[in-house]
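Engineer: So that you have it, the file is protein-v1.cif, and it contains mmCIF, C-alpha atoms:
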data_model
#
loop_
_atom_site.label_atom_id
_atom_site.label_comp_id
_atom_site.auth_asym_id
_atom_site.auth_seq_id
_atom_site.Cartn_x
_atom_site.Cartn_y
_atom_site.Cartn_z
CA MET S 31 127.64 46.15 118.64
CA SER S 32 126.55 45.98 122.23
CA GLU S 33 122.89 45.45 121.53
CA GLY S 34 121.87 43.96 124.90
CA ARG S 35 119.90 40.78 124.42
CA SER S 36 118.01 38.54 126.75
CA PRO S 37 120.45 35.74 127.57
CA THR S 38 119.42 32.28 126.42
CA VAL S 39 119.12 29.68 129.16
CA LYS S 40 118.18 26.04 129.49
CA ALA S 41 116.02 25.06 132.44
CA GLY S 42 114.37 21.68 132.32
CA GLU S 43 112.17 21.59 129.24
CA PHE S 44 112.50 25.29 128.69
CA GLU S 45 115.16 26.65 126.41
CA GLY S 46 115.12 30.25 125.30
CA PRO S 47 115.55 33.84 126.49
CA ILE S 48 115.48 34.09 130.26
CA HIS S 49 112.94 36.90 130.16
CA GLU S 50 110.58 34.57 128.40
CA LEU S 51 110.98 32.15 131.28
CA VAL S 52 110.18 34.95 133.73
CA ARG S 53 107.12 35.82 131.73
CA ARG S 54 105.90 32.24 131.59
CA ALA S 55 106.53 31.64 135.27
CA HIS S 56 104.70 34.81 136.02
CA ALA S 57 101.78 33.81 133.79
CA GLY S 58 101.63 30.41 135.49
CA GLU S 59 102.60 28.55 132.32
CA VAL S 60 105.71 27.17 133.98
CA ASP S 61 105.74 25.73 137.48
CA LEU S 62 108.92 27.06 138.99
CA ARG S 63 108.86 24.37 141.67
CA GLU S 64 109.71 21.90 138.92
CA VAL S 65 112.54 23.97 137.50
CA ASP S 66 116.12 23.41 138.64
CA LEU S 67 117.32 26.99 138.84
CA ALA S 68 120.75 26.03 140.18
CA SER S 69 121.60 24.03 137.08
CA MET S 70 120.21 26.79 134.91
CA VAL S 71 122.62 29.23 136.54
CA ARG S 72 125.47 26.71 136.30
CA GLY S 73 124.75 26.21 132.62
CA TYR S 74 124.79 29.93 131.98
CA LEU S 75 128.03 30.42 133.91
CA GLU S 76 129.72 27.67 131.92
CA GLY S 77 128.73 29.36 128.71
CA LEU S 78 130.20 32.55 130.12
CA ARG S 79 133.76 31.22 130.38
CA GLN S 80 135.10 32.77 127.21
CA GLU S 81 133.69 36.26 127.25
CA VAL S 82 131.49 38.32 129.53
CA ASP S 83 128.99 40.75 128.06
CA LEU S 84 128.34 42.90 131.10
CA GLU S 85 125.05 44.21 129.80
CA GLU S 86 123.80 40.72 129.17
CA ALA S 87 125.18 39.35 132.43
CA THR S 88 123.28 42.07 134.27
CA GLU S 89 120.09 41.09 132.49
CA PHE S 90 120.70 37.50 133.47
CA LEU S 91 121.42 38.34 137.09
CA TRP S 92 118.29 40.42 137.39
CA ALA S 93 116.03 37.85 135.79
CA ALA S 94 117.60 35.00 137.76
CA ALA S 95 117.04 36.92 140.99
CA VAL S 96 113.39 37.39 140.09
CA LEU S 97 113.03 33.68 139.42
CA VAL S 98 114.71 32.75 142.70
CA GLU S 99 112.46 35.14 144.59
CA MET S 100 109.35 33.77 142.91
CA LYS S 101 110.41 30.18 143.49
CA SER S 102 111.29 30.71 147.13
CA LYS S 103 107.85 32.20 147.66
CA LEU S 104 106.28 29.15 146.08
CA LEU S 105 108.34 26.72 148.16
CA LEU S 106 107.86 28.34 151.54
CA PRO S 107 104.94 26.94 153.44
CA PRO S 108 102.19 29.50 153.76
CA LYS S 109 102.72 31.39 156.98
CA PRO S 110 100.55 30.20 159.82
CA ALA S 111 98.25 33.00 160.78
CA PRO S 112 98.95 33.53 164.48
CA PRO S 113 96.77 36.35 165.71
CA GLU S 114 94.32 37.14 162.97
CA ALA S 115 94.19 37.84 159.30
CA PRO S 116 96.90 40.49 158.72
CA PRO S 117 99.97 38.27 158.05
CA GLU S 118 98.23 36.30 155.35
CA GLU S 119 97.03 39.47 153.82
CA GLU S 120 100.57 40.75 153.89
CA ALA S 121 101.81 37.71 152.02
CA ALA S 122 99.08 38.10 149.47
CA ASP S 123 99.95 41.76 149.29
CA LEU S 124 103.60 40.95 148.68
CA GLU S 125 102.68 38.55 145.92
CA GLU S 126 100.38 41.12 144.44
CA ARG S 127 103.09 43.75 144.61
CA LEU S 128 105.60 41.46 142.94
CA ARG S 129 103.06 40.66 140.27
CA GLN S 130 102.29 44.31 139.70
CA HIS S 131 105.93 45.17 139.59
CA LEU S 132 106.62 42.54 136.97
CA GLU S 133 103.65 43.69 134.98
CA GLU S 134 104.79 47.27 135.14
CA TYR S 135 108.31 46.31 134.19
CA GLN S 136 106.97 44.33 131.25
CA VAL S 137 105.11 47.40 130.00
CA PHE S 138 108.30 49.42 130.02
CA ARG S 139 110.22 46.64 128.30
CA GLU S 140 107.69 46.82 125.50
CA ALA S 141 107.93 50.59 125.45
CA ALA S 142 111.70 50.30 125.18
CA GLU S 143 111.28 48.01 122.20
CA ALA S 144 108.94 50.47 120.54
CA LEU S 145 111.50 53.22 121.11
CA ALA S 146 114.22 51.02 119.63
CA ALA S 147 112.12 50.62 116.48
CA LEU S 148 111.63 54.37 116.21
CA GLU S 149 115.33 54.94 116.73
CA ALA S 150 116.14 52.42 114.00
CA VAL S 151 114.06 54.37 111.47
CA GLN S 152 115.33 57.75 112.54
CA ARG S 153 118.94 56.54 112.35
CA ARG S 154 118.39 56.24 108.64
CA VAL S 155 117.31 59.85 108.36
CA PHE S 156 119.93 62.56 107.97
CA THR S 157 119.70 66.31 108.25
CA ARG S 158 122.28 68.85 107.33
CA PRO S 159 124.52 69.10 110.40
CA ALA S 160 123.21 72.29 111.97
CA ASP S 161 126.35 73.44 113.74
CA GLN S 162 129.41 72.10 115.45
CA THR S 163 127.75 71.93 118.84
CA SER S 164 125.40 69.10 117.94
CA ALA S 165 128.16 66.97 116.45
CA GLY S 166 129.12 65.44 119.76
CA GLU S 167 131.93 67.91 120.30
CA LEU S 168 132.01 70.22 123.26
CA PRO S 169 130.19 73.49 122.65
CA LEU S 170 133.36 75.56 122.54
CA VAL S 171 133.45 77.96 119.62
CA GLY S 172 136.68 79.66 118.63
CA LEU S 173 138.63 78.59 121.68
CA THR S 174 139.99 75.51 123.42
CA VAL S 175 139.66 74.26 126.94
CA ASP S 176 143.21 75.59 127.47
CA ASP S 177 142.09 79.11 126.56
CA LEU S 178 139.25 78.78 129.00
CA PHE S 179 141.63 77.60 131.67
CA ALA S 180 143.98 80.52 131.01
CA ALA S 181 141.08 82.92 131.49
CA PHE S 182 140.25 81.14 134.72
CA ARG S 183 143.85 81.55 135.90
CA ARG S 184 143.62 85.29 135.40
CA VAL S 185 140.45 85.45 137.44
CA LEU S 186 142.00 83.29 140.11
CA GLU S 187 145.12 85.47 140.33
CA ARG S 188 142.91 88.45 140.89
CA SER S 189 141.60 86.91 144.06
CA GLN S 190 145.00 85.45 145.00
CA ARG S 191 146.07 88.24 147.32
CA ARG S 192 143.25 87.71 149.69
CA VAL S 193 143.67 85.13 152.38
CA GLU S 194 140.30 83.69 153.12
CA GLU S 195 138.78 81.18 155.35
CA VAL S 196 136.20 78.91 153.77
CA PRO S 197 132.87 80.65 154.03
CA ALA S 198 130.58 79.12 156.57
CA GLU S 199 127.90 78.92 153.95
CA GLY S 200 128.90 75.83 151.95
CA VAL S 201 129.16 76.42 148.23
CA SER S 202 128.41 73.50 145.93
CA VAL S 203 128.98 72.88 142.25
CA ALA S 204 125.28 72.16 141.84
CA ASP S 205 124.36 75.55 143.34
CA ARG S 206 126.82 77.38 141.12
CA MET S 207 125.53 75.50 138.06
CA ARG S 208 122.03 76.65 138.84
CA ALA S 209 123.26 80.20 139.38
CA ILE S 210 125.09 80.23 136.05
CA LEU S 211 122.08 78.85 134.19
CA ALA S 212 119.84 81.42 135.82
CA ALA S 213 122.20 84.22 134.80
CA LEU S 214 122.38 82.95 131.22
CA ALA S 215 118.64 82.40 130.95
CA SER S 216 118.03 86.11 131.39
CA ALA S 217 120.79 87.13 128.98
CA PRO S 218 120.14 85.94 125.41
CA GLU S 219 123.02 88.14 124.23
CA GLY S 220 125.39 86.11 126.39
CA VAL S 221 127.37 86.77 129.54
CA LEU S 222 131.05 87.67 129.78
CA PHE S 223 133.21 84.98 131.31
CA GLU S 224 134.67 87.41 133.85
CA ALA S 225 131.18 88.48 134.90
CA LEU S 226 130.65 85.07 136.45
CA PHE S 227 133.17 85.90 139.13
CA GLU S 228 132.56 88.77 141.48
CA PRO S 229 135.80 90.63 142.14
CA GLU S 230 135.63 90.03 145.87
CA SER S 231 134.71 86.36 145.65
CA PRO S 232 136.69 84.01 147.85
CA ARG S 233 138.94 81.66 145.85
CA ILE S 234 136.87 78.67 146.79
CA VAL S 235 133.86 80.29 145.17
CA VAL S 236 135.88 81.12 142.05
CA ILE S 237 137.09 77.55 141.80
CA VAL S 238 133.72 75.99 142.39
CA THR S 239 132.12 78.35 139.89
CA PHE S 240 134.67 77.36 137.27
CA LEU S 241 134.06 73.66 137.97
CA ALA S 242 130.34 74.32 137.58
CA LEU S 243 130.99 75.99 134.24
CA LEU S 244 133.07 73.04 133.01
CA GLU S 245 130.34 70.67 134.07
CA LEU S 246 127.73 72.71 132.19
CA VAL S 247 129.92 72.68 129.09
CA ARG S 248 130.34 68.93 129.41
CA ARG S 249 126.60 68.52 129.65
CA ARG S 250 126.16 70.85 126.69
CA ARG S 251 123.99 73.23 128.62
CA VAL S 252 126.32 76.16 128.02
CA ARG S 253 128.10 77.25 124.88
CA VAL S 254 131.37 79.17 125.17
CA ALA S 255 132.46 81.39 122.32
CA GLN S 256 135.39 83.66 121.52
CA THR S 257 135.08 85.57 118.27
CA GLU S 258 138.74 86.64 118.00
CA PRO S 259 142.00 85.55 119.61
CA PHE S 260 142.40 87.16 123.04
CA GLY S 261 138.94 88.65 122.60
CA PRO S 262 136.26 88.51 125.24
CA ILE S 263 134.89 85.06 126.08
CA ARG S 264 131.12 84.87 126.14
CA LEU S 265 128.81 82.23 127.51
CA TYR S 266 125.38 81.36 126.17
CA ALA S 267 122.62 79.07 127.30
CA VAL S 268 122.20 76.12 124.93
CA GLY S 269 118.78 75.30 123.59
CA GLY S 270 117.02 77.55 126.07
CA ALA S 271 115.48 80.31 123.97
CA ALA S 272 114.65 78.78 120.60
CA MET M 131 103.66 90.08 91.28
CA THR M 132 100.79 87.71 90.73
CA GLU M 133 99.49 85.56 93.53
CA ALA M 134 101.01 82.49 91.87
CA ASP M 135 104.43 84.16 91.70
CA ARG M 136 104.21 85.15 95.34
CA ARG M 137 103.34 81.62 96.36
CA ARG M 138 106.18 80.21 94.26
CA THR M 139 108.63 82.64 95.91
CA LEU M 140 107.48 81.71 99.39
CA LEU M 141 107.74 78.03 98.56
CA CYS M 142 111.34 78.41 97.41
CA ALA M 143 112.14 80.59 100.42
CA LEU M 144 110.69 77.96 102.72
CA GLU M 145 112.93 75.36 101.13
CA CYS M 146 115.92 77.62 101.77
CA LEU M 147 114.93 78.14 105.40
CA LEU M 148 114.72 74.43 106.04
CA LEU M 149 118.04 73.71 104.41
CA ALA M 150 119.82 76.59 106.13
CA SER M 151 118.67 75.67 109.61
CA GLY M 152 119.41 71.94 109.42
CA GLY M 153 117.39 70.88 112.44
CA PRO M 154 113.67 71.26 113.13
CA VAL M 155 112.25 74.80 112.99
CA PRO M 156 108.96 75.63 114.75
CA LEU M 157 106.11 76.69 112.47
CA ARG M 158 105.94 80.05 114.23
CA ARG M 159 109.51 80.89 113.29
CA LEU M 160 109.06 79.77 109.70
CA ALA M 161 106.00 81.98 109.36
CA HIS M 162 107.89 84.88 110.89
CA ALA M 163 110.78 84.52 108.44
CA LEU M 164 108.40 84.17 105.49
CA GLN M 165 106.31 87.08 106.72
CA CYS M 166 103.13 85.11 106.23
CA PRO M 167 100.43 83.68 108.50
CA GLU M 168 101.14 80.32 110.13
CA GLU M 169 98.27 78.68 108.23
CA GLU M 170 99.89 79.68 104.95
CA ALA M 171 103.29 78.41 106.09
CA GLU M 172 101.61 75.14 106.95
CA SER M 173 100.04 74.81 103.53
CA LEU M 174 103.39 75.70 101.94
CA LEU M 175 104.99 72.91 103.97
CA GLU M 176 102.40 70.50 102.64
CA GLU M 177 103.04 71.61 99.10
CA LEU M 178 106.79 71.25 99.54
CA GLN M 179 106.18 67.81 101.02
CA ARG M 180 104.25 66.85 97.87
CA ASP M 181 106.93 68.28 95.59
CA TYR M 182 109.50 66.12 97.33
CA GLN M 183 107.56 62.93 96.92
CA THR M 184 109.65 61.87 93.94
CA ARG M 185 112.93 63.11 95.41
CA GLY M 186 115.49 61.88 97.94
CA LEU M 187 114.60 64.50 100.53
CA MET M 188 111.52 64.86 102.67
CA VAL M 189 110.00 67.26 105.14
CA GLN M 190 109.62 65.76 108.58
CA HIS M 191 107.49 67.07 111.44
CA VAL M 192 109.63 66.38 114.48
CA ALA M 193 110.56 67.82 117.89
CA GLY M 194 108.01 70.62 117.67
CA GLY M 195 109.18 71.78 114.25
CA TYR M 196 109.78 70.91 110.62
CA GLN M 197 113.03 69.72 109.14
CA LEU M 198 114.41 68.86 105.77
CA CYS M 199 116.04 65.45 105.82
CA THR M 200 116.97 62.47 103.72
CA ARG M 201 114.55 59.61 103.13
CA PRO M 202 115.36 56.53 105.20
CA GLN M 203 115.54 54.27 102.16
CA TYR M 204 118.66 56.09 100.93
CA ALA M 205 120.49 55.76 104.25
CA ASP M 206 122.97 53.21 102.89
CA TYR M 207 124.18 55.67 100.28
CA VAL M 208 124.42 58.50 102.76
CA THR M 209 126.39 56.53 105.33
CA ARG M 210 129.00 55.68 102.72
CA LEU M 211 129.71 59.39 102.47
CA VAL M 212 129.12 60.89 105.91
CA ALA M 213 130.02 59.65 109.35
CA GLN M 214 127.88 56.99 110.98
CA GLN M 215 125.36 57.93 113.61
CA PRO M 216 126.30 57.13 117.20
CA GLU M 217 126.02 53.54 118.40
CA PRO M 218 122.47 52.37 119.02
CA LEU M 219 121.52 52.40 122.69
CA SER M 220 121.85 49.21 124.68
CA ARG M 221 118.71 47.48 125.85
CA ALA M 222 119.24 48.60 129.43
CA CYS M 223 119.75 52.22 128.35
CA LEU M 224 116.59 52.07 126.23
CA GLU M 225 114.62 50.73 129.17
CA THR M 226 115.93 53.48 131.41
CA LEU M 227 115.12 56.02 128.72
CA ALA M 228 111.61 54.61 128.35
CA VAL M 229 110.93 55.01 132.06
CA VAL M 230 112.22 58.59 132.02
CA ALA M 231 110.26 59.43 128.88
CA TYR M 232 106.91 58.16 130.14
CA ARG M 233 107.29 59.09 133.79
CA GLN M 234 109.12 62.39 133.64
CA PRO M 235 110.06 64.20 135.75
CA VAL M 236 111.45 61.20 137.57
CA THR M 237 114.23 60.49 140.07
CA ARG M 238 116.90 57.82 139.83
CA ALA M 239 115.27 55.91 142.69
CA GLU M 240 111.94 55.87 140.85
CA VAL M 241 113.60 54.59 137.69
CA GLU M 242 115.35 51.88 139.67
CA ALA M 243 112.13 50.87 141.38
CA VAL M 244 110.54 50.21 138.00
CA ARG M 245 113.53 48.46 136.47
CA GLY M 246 114.45 46.58 139.62
CA ALA M 247 118.07 47.30 138.83
CA ARG M 248 120.66 49.97 139.44
CA SER M 249 120.40 52.59 136.77
CA ASP M 250 122.84 55.36 137.69
CA HIS M 251 125.29 54.30 135.01
CA HIS M 252 122.60 54.26 132.34
CA LEU M 253 121.22 57.61 133.43
CA ARG M 254 124.72 59.06 133.16
CA ARG M 255 125.16 57.63 129.69
CA LEU M 256 121.86 59.14 128.61
CA VAL M 257 122.81 62.55 130.03
CA GLU M 258 126.15 62.39 128.19
CA ARG M 259 124.35 61.59 124.97
CA ASN M 260 122.08 64.54 125.67
CA LEU M 261 118.92 62.42 125.51
CA ILE M 262 117.88 63.26 129.06
CA ARG M 263 118.80 66.07 131.39
CA GLU M 264 118.29 67.30 134.89
CA VAL M 265 115.07 69.25 135.00
CA GLY M 266 115.00 70.09 138.69
CA ARG M 267 115.02 68.72 142.19
CA LYS M 268 112.32 66.80 143.94
CA PRO M 269 111.34 68.46 147.19
CA GLY M 270 111.86 66.26 150.23
CA PRO M 271 114.74 64.44 151.88
CA GLY M 272 117.95 64.67 149.88
CA THR M 273 116.21 66.71 147.16
CA PRO M 274 117.05 64.09 144.51
CA ILE M 275 117.63 65.11 140.91
CA LEU M 276 114.65 64.92 138.57
CA TYR M 277 115.28 63.78 135.01
CA GLY M 278 113.38 64.58 131.84
CA THR M 279 113.96 64.08 128.14
CA THR M 280 115.59 66.62 125.83
CA GLU M 281 114.76 68.04 122.43
CA LEU M 282 117.46 65.79 120.96
CA PHE M 283 115.54 62.81 122.30
CA LEU M 284 112.51 63.85 120.24
CA ARG M 285 114.67 64.35 117.18
CA GLN M 286 116.58 61.11 117.55
CA PHE M 287 113.37 59.14 117.86
CA GLY M 288 111.42 61.11 115.26
CA LEU M 289 108.76 62.34 117.69
CA ARG M 290 106.78 65.56 117.32
CA ASP M 291 106.40 65.97 121.05
CA LEU M 292 105.93 63.83 124.14
CA ASN M 293 102.30 63.10 123.23
CA ASP M 294 103.69 61.40 120.16
CA LEU M 295 105.35 58.67 122.26
CA PRO M 296 104.13 55.20 121.32
CA PRO M 297 101.18 54.29 123.56
CA LEU M 298 102.09 51.92 126.36
CA GLU M 299 100.74 48.48 125.64
CA GLY M 300 98.45 46.66 127.95
CA ARG M 301 96.20 47.39 130.79
CA ARG M 302 96.26 50.12 133.33
CA VAL M 303 98.13 52.48 131.07
CA GLN M 304 96.97 55.49 132.99
CA ASP M 305 98.18 53.87 136.20
CA MET M 306 101.59 53.44 134.68
CA LEU M 307 101.75 57.05 133.65
CA ARG M 308 100.72 58.34 137.02
CA PRO M 309 103.70 58.71 139.29
CA HIS M 310 102.86 56.77 142.42
CA GLY M 311 104.37 57.43 145.83
CA GLY M 312 105.43 54.27 147.65
CA GLN M 313 102.79 51.63 148.26
CA GLY M 314 99.57 53.21 147.25
CA PRO M 315 96.23 51.59 147.88
CA GLU M 316 96.34 48.38 145.91
CA GLU M 317 92.85 47.12 146.39
CA GLN M 318 91.76 46.38 142.89
CA GLY M 319 89.05 43.76 142.95
CA ARG M 320 89.88 41.39 140.15
#
Let me see the structure of the file written as structure tokens.
Structural biologist:
Amino acid sequence: MSEGRSPTVKAGEFEGPIHELVRRAHAGEVDLREVDLASMVRGYLEGLRQEVDLEEATEFLWAAAVLVEMKSKLLLPPKPAPPEAPPEEEAADLEERLRQHLEEYQVFREAAEALAALEAVQRRVFTRPADQTSAGELPLVGLTVDDLFAAFRRVLERSQRRVEEVPAEGVSVADRMRAILAALASAPEGVLFEALFEPESPRIVVIVTFLALLELVRRRRVRVAQTEPFGPIRLYAVGGAA
Amino acid sequence: MTEADRRRTLLCALECLLLASGGPVPLRRLAHALQCPEEEAESLLEELQRDYQTRGLMVQHVAGGYQLCTRPQYADYVTRLVAQQPEPLSRACLETLAVVAYRQPVTRAEVEAVRGARSDHHLRRLVERNLIREVGRKPGPGTPILYGTTELFLRQFGLRDLNDLPPLEGRRVQDMLRPHGGQGPEEQGR
């Protein structure tokens, strides 16, 4: 039950969720110059002794930082305007930006609450589980990660004989992931596992390609299936072509 | 076969299609399987919907398709039998998700600029739960990853499509939706 909540704080006459304090300060309903932020933080930290809810502590830290920033702006004397107008404008601009940012953030907070309400309804709606892949398990059908690894070993042994230097052209997991997805996108009937690895590929490419495949499986972008023991292993794009 | 018989057959077949597929099926594919025009499939869906009114199941229009599912008011019974749904998302994850949903495609830095907080952990959690995914790279320095929402996101939140997202409250909604690069012109006489 880690439903992140706005931490409750006490600051002068105010007592309630810290985000409410931010909102009021922002709306000018609370004069931050009158609020002792240090004791508010101290009070919160004392309440924190027993147990720390990281999610909540983060919320607190963020909101407290906003309050400190707003207060420090209020306390600082307005900058003297040495040459001409620009500095003052900049300060006003900064204030305006902070205000806009808070406003924007507030909009998304509300949107998040609306989404939470939708989620709450939809959590009470059940469909027939379509297949194993949507059940939170890895999209491996008819084989285990060990089988996949064994197949990888065979491919790797094939390229074992060749001594290679690392190709000048760097090869990255992200690149190989894109390449695999591109290959699968154009093959609705699936792609053979071995076909991912060109026979003459340097080992580094084989290894990186395999890592890319594992990553795609973890992200559920690729489904791996073996219809019979020791049979061919095929890869399919997940969700692509409906 | 009379017209009424034919209609009855299609209605039953439609019910079978929805049960067999589990998740949402696009209208186009239903019509194809039923061998009937999409308009007819749509009217069959409405009829099925009406038939179900007194039953525990319902037809839901979600994630670009139609699905057969249980009515929310019977959830307590269902959860006693089948496994619970995953944990609800934390507030911070929901916020991150909201920014991605309304601003997509969006980079981590853009999400963090809105939230004013680091969000990499939350983005990762959302990717793992298959609610968002990488949809590309933003051209420019570092070619950062762009995130967008998934079909599962629509399903899990009961949305037909992205236009079905709850409207953002408050002023300047269009401004919020428009991705802005850095400090744009902020002269807004008020």
Engineer: Using all atoms listed in the file, find which residues of chain S lie within 8 Å of chain M and jot them down as a ChimeraX atom specification.
Structural biologist: /S:31-35,85,92,131,134-135,137-146,148-149,151-160,248-250
Engineer: Could you take the residues named above and write them with C-alpha atoms, as an mmCIF file, in the frame of the given file?
Structural biologist:
data_model
loop_
_atom_site.group_PDB
_atom_site.id
_atom_site.type_symbol
_atom_site.label_atom_id
_atom_site.label_comp_id
_atom_site.auth_asym_id
_atom_site.auth_seq_id
_atom_site.Cartn_x
_atom_site.Cartn_y
_atom_site.Cartn_z
ATOM 1 C CA MET S 31 127.640 46.150 118.640
ATOM 2 C CA SER S 32 126.550 45.980 122.230
ATOM 3 C CA GLU S 33 122.890 45.450 121.530
ATOM 4 C CA GLY S 34 121.870 43.960 124.900
ATOM 5 C CA ARG S 35 119.900 40.780 124.420
ATOM 6 C CA GLU S 85 125.050 44.210 129.800
ATOM 7 C CA TRP S 92 118.290 40.420 137.390
ATOM 8 C CA HIS S 131 105.930 45.170 139.590
ATOM 9 C CA GLU S 134 104.790 47.270 135.140
ATOM 10 C CA TYR S 135 108.310 46.310 134.190
ATOM 11 C CA VAL S 137 105.110 47.400 130.000
ATOM 12 C CA PHE S 138 108.300 49.420 130.020
ATOM 13 C CA ARG S 139 110.220 46.640 128.300
ATOM 14 C CA GLU S 140 107.690 46.820 125.500
ATOM 15 C CA ALA S 141 107.930 50.590 125.450
ATOM 16 C CA ALA S 142 111.700 50.300 125.180
ATOM 17 C CA GLU S 143 111.280 48.010 122.200
ATOM 18 C CA ALA S 144 108.940 50.470 120.540
ATOM 19 C CA LEU S 145 111.500 53.220 121.110
ATOM 20 C CA ALA S 146 114.220 51.020 119.630
ATOM 21 C CA LEU S 148 111.630 54.370 116.210
ATOM 22 C CA GLU S 149 115.330 54.940 116.730
ATOM 23 C CA VAL S 151 114.060 54.370 111.470
ATOM 24 C CA GLN S 152 115.330 57.750 112.540
ATOM 25 C CA ARG S 153 118.940 56.540 112.350
ATOM 26 C CA ARG S 154 118.390 56.240 108.640
ATOM 27 C CA VAL S 155 117.310 59.850 108.360
ATOM 28 C CA PHE S 156 119.930 62.560 107.970
ATOM 29 C CA THR S 157 119.700 66.310 108.250
ATOM 30 C CA ARG S 158 122.280 68.850 107.330
ATOM 31 C CA PRO S 159 124.520 69.100 110.400
ATOM 32 C CA ALA S 160 123.210 72.290 111.970
ATOM 33 C CA ARG S 248 130.340 68.930 129.410
ATOM 34 C CA ARG S 249 126.600 68.520 129.650
ATOM 35 C CA ARG S 250 126.160 70.850 126.690
#
Engineer: When the PyMOL selection byres ((chain M and resi 143) around 12) is applied to the file above, which residues end up in the set, as a list in words?
Structural biologist: Arg136, Arg137, Arg138, Thr139, Leu140, Leu141, Cys142, Leu144, Glu145, Cys146, Leu147, Leu148, Leu149, Ala150, Leu160, Ala161, Ala163, Leu164, Gln165, Cys166, Ala171, Leu174, Leu175 and Leu178 of chain M
Engineer: CA of Val247 (chain S) and CA of Leu211 (chain M) are how many Å apart?
Structural biologist: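 Distance reported for this atom pair: 29.8 Å.
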Engineer: Report as an NGL selection string the residues that result from applying the PyMOL selection byres ((chain S and resi 94) around 12) to the structure here.
Structural biologist: :S and (36-39 or 41 or 47-52 or 55 or 62 or 66-72 or 74 or 87-93 or 95-101)
Engineer: I need the residues from that last selection saved to file as a JSON list (two decimals), in the coordinates of the input (with C-alpha atoms), if you can.
Structural biologist:
[["chain", "number", "residue", "atom", "x", "y", "z"],
["S", 36, "SER", "CA", 118.01, 38.54, 126.75],
["S", 37, "PRO", "CA", 120.45, 35.74, 127.57],
["S", 38, "THR", "CA", 119.42, 32.28, 126.42],
["S", 39, "VAL", "CA", 119.12, 29.68, 129.16],
["S", 41, "ALA", "CA", 116.02, 25.06, 132.44],
["S", 47, "PRO", "CA", 115.55, 33.84, 126.49],
["S", 48, "ILE", "CA", 115.48, 34.09, 130.26],
["S", 49, "HIS", "CA", 112.94, 36.90, 130.16],
["S", 50, "GLU", "CA", 110.58, 34.57, 128.40],
["S", 51, "LEU", "CA", 110.98, 32.15, 131.28],
["S", 52, "VAL", "CA", 110.18, 34.95, 133.73],
["S", 55, "ALA", "CA", 106.53, 31.64, 135.27],
["S", 62, "LEU", "CA", 108.92, 27.06, 138.99],
["S", 66, "ASP", "CA", 116.12, 23.41, 138.64],
["S", 67, "LEU", "CA", 117.32, 26.99, 138.84],
["S", 68, "ALA", "CA", 120.75, 26.03, 140.18],
["S", 69, "SER", "CA", 121.60, 24.03, 137.08],
["S", 70, "MET", "CA", 120.21, 26.79, 134.91],
["S", 71, "VAL", "CA", 122.62, 29.23, 136.54],
["S", 72, "ARG", "CA", 125.47, 26.71, 136.30],
["S", 74, "TYR", "CA", 124.79, 29.93, 131.98],
["S", 87, "ALA", "CA", 125.18, 39.35, 132.43],
["S", 88, "THR", "CA", 123.28, 42.07, 134.27],
["S", 89, "GLU", "CA", 120.09, 41.09, 132.49],
["S", 90, "PHE", "CA", 120.70, 37.50, 133.47],
["S", 91, "LEU", "CA", 121.42, 38.34, 137.09],
["S", 92, "TRP", "CA", 118.29, 40.42, 137.39],
["S", 93, "ALA", "CA", 116.03, 37.85, 135.79],
["S", 95, "ALA", "CA", 117.04, 36.92, 140.99],
["S", 96, "VAL", "CA", 113.39, 37.39, 140.09],
["S", 97, "LEU", "CA", 113.03, 33.68, 139.42],
["S", 98, "VAL", "CA", 114.71, 32.75, 142.70],
["S", 99, "GLU", "CA", 112.46, 35.14, 144.59],
["S", 100, "MET", "CA", 109.35, 33.77, 142.91],
["S", 101, "LYS", "CA", 110.41, 30.18, 143.49]]
Engineer: What residues have an atom no more than 12 Å from (137.1, 78.9, 132.0) in the file's own frame, counting all atoms listed in the file, and can you write them as a compact mmCIF listing (two decimals) with C-alpha atoms, in the frame of the given file?
Structural biologist:
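Okay, this is what ended up in point33.txt:
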# COMPACT_ATOMS: atom_id res chain seq x y z
CA LEU S 170 133.36 75.56 122.54
CA LEU S 173 138.63 78.59 121.68
CA THR S 174 139.99 75.51 123.42
CA VAL S 175 139.66 74.26 126.94
CA ASP S 176 143.21 75.59 127.47
CA ASP S 177 142.09 79.11 126.56
CA LEU S 178 139.25 78.78 129.00
CA PHE S 179 141.63 77.60 131.67
CA ALA S 180 143.98 80.52 131.01
CA ALA S 181 141.08 82.92 131.49
CA PHE S 182 140.25 81.14 134.72
CA ARG S 183 143.85 81.55 135.90
CA ARG S 184 143.62 85.29 135.40
CA VAL S 185 140.45 85.45 137.44
CA LEU S 186 142.00 83.29 140.11
CA LEU S 222 131.05 87.67 129.78
CA PHE S 223 133.21 84.98 131.31
CA GLU S 224 134.67 87.41 133.85
CA ALA S 225 131.18 88.48 134.90
CA LEU S 226 130.65 85.07 136.45
CA PHE S 227 133.17 85.90 139.13
CA VAL S 236 135.88 81.12 142.05
CA ILE S 237 137.09 77.55 141.80
CA VAL S 238 133.72 75.99 142.39
CA THR S 239 132.12 78.35 139.89
CA PHE S 240 134.67 77.36 137.27
CA LEU S 241 134.06 73.66 137.97
CA ALA S 242 130.34 74.32 137.58
CA LEU S 243 130.99 75.99 134.24
CA LEU S 244 133.07 73.04 133.01
CA GLU S 245 130.34 70.67 134.07
CA LEU S 246 127.73 72.71 132.19
CA VAL S 247 129.92 72.68 129.09
CA VAL S 252 126.32 76.16 128.02
CA ARG S 253 128.10 77.25 124.88
CA VAL S 254 131.37 79.17 125.17
CA ALA S 255 132.46 81.39 122.32
CA GLN S 256 135.39 83.66 121.52
CA PRO S 262 136.26 88.51 125.24
CA ILE S 263 134.89 85.06 126.08
CA ARG S 264 131.12 84.87 126.14
CA LEU S 265 128.81 82.23 127.51
